[in-house]
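Asks: Handing you this structure, nothing more for now.
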Amino acid sequence: MSDSEDNPLSNGTDGQRSVVIDTNTTDEEDNGWILELESALLADCDLNIIKRITNQKLVPHHMRYEFWQVCLGIKGRHKVLSDIFDLPEQSVIRADCQKIVDQFANSDDSERVAIRSGMETIITNFSKLNDVQYVSDNGWTEILEPLLTLKLKTEDLFKVFESIQLKYIPKCYNCRDYGRNDQSFNLLRLLLQYHEPELCSYLDTLKITPDLYANTWV
C-alpha cells in the first residue's frame, strides 16, 4: 500500500504532503450568534451580554440601532421634541444643516428637506434642553452626519445624538457662555486630572482654570 493510501494527510505526490482542512461548517453554525444576539436584544439584555455574544463581530445592519440603544443606555427612553425654532442662532443652525444636506447628491429634493428639518430639530432641541448655545464648527453637525445613515426617526436619532454628546464629548453644558474652545479646555482638565491629579487639585484650589493659561494653545 502506498504512502498516499496510508496517510490521510498525503496529497498523492511522493515527498509532498498537505493538510486536509474540514470546511463543512453549516450556515446555521455560522449564524448562531446572530440568532442569540437577536433574542438577547428582544429580552432587554445588558451591555455585558451583547459584548460576549458579538465578541467583536460585525453586527448586521438591521440590528445596529437596537445594538446601539443597549450600548448607549437609551433603550426604553422616550423623547418628545419641540417643533418651535426660535433660537437667536436659528439661522446659523439652518445654514449649517443645509451644508451637510448639500452633500447628499443622490437624494431627491423632498428627502433633503426632510433630512435638514430633522437635523435642525435635533440641534435646536438639544441646545434648549441642555441650555447651551449653538455655534458653528462645534462639531454637532459632524457627529450627526454619519448617524444619518442609520435612517432613524428624528426622535430616535435625537436619543443617539444626545447620548453621544453627553457621555463621550467633554463639554460644559450648564453655562450660557459656551464657546468653541470650552471643549478643548475641559478635555485638557480631564487629562490633567487623570495624569497629574495632585497638580489638577492644586490648580482647582487656586481657581486657575485651563482657559487662563492655555488659551494660546488652542
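Note on naming: chains are A, B, ... as they come in the C-alpha cells, residues start from 1 per chain, ligands start from 1 in the order shown.
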Leaving out range 157-168 of chain A and any residue of its chain fewer than 3 positions from it, which residues lie within 9 Å of it when counting only C-alpha atoms, given as a list in words?

Replies: Trp68, Gln69, Leu72, Gly73, Ile74, Arg77, His78, Lys79, Leu81, Gly118, Met119, Thr121, Ile122, Ile123, Asn125, Phe126, Trp140, Ile143, Leu144, Leu147, Leu148, Leu150, Lys151, Leu152, Lys153, Thr154, Lys171 and Tyr173 of chain A

Asks: With N, CA and C atoms retained, could you export that selection as a PDB file, in the first residue's frame?

Replies:
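Final file, selection22.pdb:
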ATOM      1  N   TRP A  68     -27.073  49.647  19.320  1.00  0.00           N
ATOM      2  CA  TRP A  68     -26.616  50.948  19.800  1.00  0.00           C
ATOM      3  C   TRP A  68     -27.420  51.391  21.021  1.00  0.00           C
ATOM      4  N   GLN A  69     -28.711  51.099  21.035  1.00  0.00           N
ATOM      5  CA  GLN A  69     -29.539  51.510  22.167  1.00  0.00           C
ATOM      6  C   GLN A  69     -29.023  50.908  23.468  1.00  0.00           C
ATOM      7  N   LEU A  72     -25.549  52.527  24.357  1.00  0.00           N
ATOM      8  CA  LEU A  72     -25.651  53.912  24.811  1.00  0.00           C
ATOM      9  C   LEU A  72     -26.570  54.073  26.019  1.00  0.00           C
ATOM     10  N   GLY A  73     -27.242  52.991  26.409  1.00  0.00           N
ATOM     11  CA  GLY A  73     -28.119  53.055  27.569  1.00  0.00           C
ATOM     12  C   GLY A  73     -29.378  53.870  27.344  1.00  0.00           C
ATOM     13  N   ILE A  74     -29.917  53.836  26.123  1.00  0.00           N
ATOM     14  CA  ILE A  74     -31.093  54.658  25.818  1.00  0.00           C
ATOM     15  C   ILE A  74     -32.320  53.823  25.489  1.00  0.00           C
ATOM     16  N   ARG A  77     -36.162  54.681  26.514  1.00  0.00           N
ATOM     17  CA  ARG A  77     -36.350  56.107  26.777  1.00  0.00           C
ATOM     18  C   ARG A  77     -37.197  56.740  25.678  1.00  0.00           C
ATOM     19  N   HIS A  78     -37.978  57.724  26.062  1.00  0.00           N
ATOM     20  CA  HIS A  78     -38.836  58.408  25.095  1.00  0.00           C
ATOM     21  C   HIS A  78     -38.584  59.915  25.177  1.00  0.00           C
ATOM     22  N   LYS A  79     -38.534  60.542  24.020  1.00  0.00           N
ATOM     23  CA  LYS A  79     -38.308  61.978  23.947  1.00  0.00           C
ATOM     24  C   LYS A  79     -39.406  62.622  23.110  1.00  0.00           C
ATOM     25  N   LEU A  81     -40.045  65.913  21.197  1.00  0.00           N
ATOM     26  CA  LEU A  81     -39.280  67.052  20.704  1.00  0.00           C
ATOM     27  C   LEU A  81     -40.194  68.204  20.317  1.00  0.00           C
ATOM     28  N   GLY A 118     -34.936  67.443  10.072  1.00  0.00           N
ATOM     29  CA  GLY A 118     -34.635  66.569  11.198  1.00  0.00           C
ATOM     30  C   GLY A 118     -33.394  67.015  11.948  1.00  0.00           C
ATOM     31  N   MET A 119     -32.352  67.385  11.204  1.00  0.00           N
ATOM     32  CA  MET A 119     -31.124  67.863  11.839  1.00  0.00           C
ATOM     33  C   MET A 119     -31.380  69.132  12.642  1.00  0.00           C
ATOM     34  N   THR A 121     -34.171  70.117  13.937  1.00  0.00           N
ATOM     35  CA  THR A 121     -34.971  69.767  15.114  1.00  0.00           C
ATOM     36  C   THR A 121     -34.091  69.213  16.225  1.00  0.00           C
ATOM     37  N   ILE A 122     -33.175  68.329  15.869  1.00  0.00           N
ATOM     38  CA  ILE A 122     -32.295  67.702  16.857  1.00  0.00           C
ATOM     39  C   ILE A 122     -31.384  68.727  17.514  1.00  0.00           C
ATOM     40  N   ILE A 123     -30.739  69.555  16.710  1.00  0.00           N
ATOM     41  CA  ILE A 123     -29.803  70.543  17.254  1.00  0.00           C
ATOM     42  C   ILE A 123     -30.531  71.579  18.101  1.00  0.00           C
ATOM     43  N   ASN A 125     -33.443  71.297  19.718  1.00  0.00           N
ATOM     44  CA  ASN A 125     -33.916  70.711  20.973  1.00  0.00           C
ATOM     45  C   ASN A 125     -32.766  70.409  21.926  1.00  0.00           C
ATOM     46  N   PHE A 126     -31.659  69.933  21.387  1.00  0.00           N
ATOM     47  CA  PHE A 126     -30.510  69.654  22.245  1.00  0.00           C
ATOM     48  C   PHE A 126     -29.998  70.939  22.887  1.00  0.00           C
ATOM     49  N   TRP A 140     -21.229  69.515  16.217  1.00  0.00           N
ATOM     50  CA  TRP A 140     -22.535  68.850  16.309  1.00  0.00           C
ATOM     51  C   TRP A 140     -22.972  68.269  14.970  1.00  0.00           C
ATOM     52  N   ILE A 143     -21.018  65.187  14.022  1.00  0.00           N
ATOM     53  CA  ILE A 143     -21.439  63.975  14.727  1.00  0.00           C
ATOM     54  C   ILE A 143     -22.738  63.440  14.127  1.00  0.00           C
ATOM     55  N   LEU A 144     -23.627  64.339  13.763  1.00  0.00           N
ATOM     56  CA  LEU A 144     -24.912  63.928  13.195  1.00  0.00           C
ATOM     57  C   LEU A 144     -24.765  63.291  11.813  1.00  0.00           C
ATOM     58  N   LEU A 147     -24.478  59.562  11.571  1.00  0.00           N
ATOM     59  CA  LEU A 147     -25.651  58.936  12.186  1.00  0.00           C
ATOM     60  C   LEU A 147     -26.854  58.946  11.249  1.00  0.00           C
ATOM     61  N   LEU A 148     -26.852  59.854  10.284  1.00  0.00           N
ATOM     62  CA  LEU A 148     -27.961  59.933   9.336  1.00  0.00           C
ATOM     63  C   LEU A 148     -28.088  58.663   8.508  1.00  0.00           C
ATOM     64  N   LEU A 150     -28.115  55.773   9.483  1.00  0.00           N
ATOM     65  CA  LEU A 150     -28.952  54.786  10.169  1.00  0.00           C
ATOM     66  C   LEU A 150     -30.413  54.895   9.750  1.00  0.00           C
ATOM     67  N   LYS A 151     -30.771  56.054   9.156  1.00  0.00           N
ATOM     68  CA  LYS A 151     -32.139  56.287   8.671  1.00  0.00           C
ATOM     69  C   LYS A 151     -33.177  56.052   9.774  1.00  0.00           C
ATOM     70  N   LEU A 152     -32.948  56.699  10.911  1.00  0.00           N
ATOM     71  CA  LEU A 152     -33.854  56.575  12.048  1.00  0.00           C
ATOM     72  C   LEU A 152     -34.887  57.687  12.044  1.00  0.00           C
ATOM     73  N   LYS A 153     -35.943  57.491  12.809  1.00  0.00           N
ATOM     74  CA  LYS A 153     -36.883  58.573  13.045  1.00  0.00           C
ATOM     75  C   LYS A 153     -36.156  59.679  13.807  1.00  0.00           C
ATOM     76  N   THR A 154     -36.653  60.899  13.662  1.00  0.00           N
ATOM     77  CA  THR A 154     -35.985  62.043  14.290  1.00  0.00           C
ATOM     78  C   THR A 154     -35.856  61.859  15.797  1.00  0.00           C
ATOM     79  N   LYS A 171     -17.690  68.566  27.553  1.00  0.00           N
ATOM     80  CA  LYS A 171     -18.061  69.970  27.393  1.00  0.00           C
ATOM     81  C   LYS A 171     -18.683  70.462  28.685  1.00  0.00           C
ATOM     82  N   TYR A 173     -22.001  71.937  29.872  1.00  0.00           N
ATOM     83  CA  TYR A 173     -23.352  72.083  29.360  1.00  0.00           C
ATOM     84  C   TYR A 173     -24.249  72.931  30.250  1.00  0.00           C
TER      85      TYR A 173
END

Asks: Hey, what does DSSP flag as alpha helix (DSSP H) within range 70-204 of chain A? Can you give it to me as a PyMOL selection string?

Replies: chain A and resi 70-72+90-101+109-129+140-147+154-168+182-195+197-204

Asks: Please identify all polymer residues within 12 Å of Phe104 in chain A, counting only C-alpha atoms, omitting same-chain residues fewer than 4 positions from it, and present them as a count of residues only.

Replies: 17

Asks: Could you please determine the separation between CA of Glu66 in chain A and CA of Asn138 in chain A in Å, to one decimal place?

Replies: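 That distance, rounded to one decimal, is 28.0 Å.
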
Asks: Let me make sure I understand: among A:Gln90, A:Glu38, A:Arg64, A:Leu188, which one has the smallest atom-to-atom distance to Cys200 in chain A if we use only C-alpha atoms?

Replies: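 Ranked by minimum distance to Cys200 in chain A, first place goes to A:Leu188.
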
Asks: Using DSSP secondary structure from the backbone, list all strand (DSSP E) positions within range 3-213 of chain A, as a count of residues only.

Replies: 6

Asks: Rank A:Asp44, A:Glu142, A:Asp96, A:Glu89 by their smallest atom-to-atom distance to Gly76 in chain A, using only C-alpha atoms, and report the top residue only.

Replies: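 Among A:Asp44, A:Glu142, A:Asp96, A:Glu89, it is A:Asp44 that comes nearest to Gly76 in chain A.
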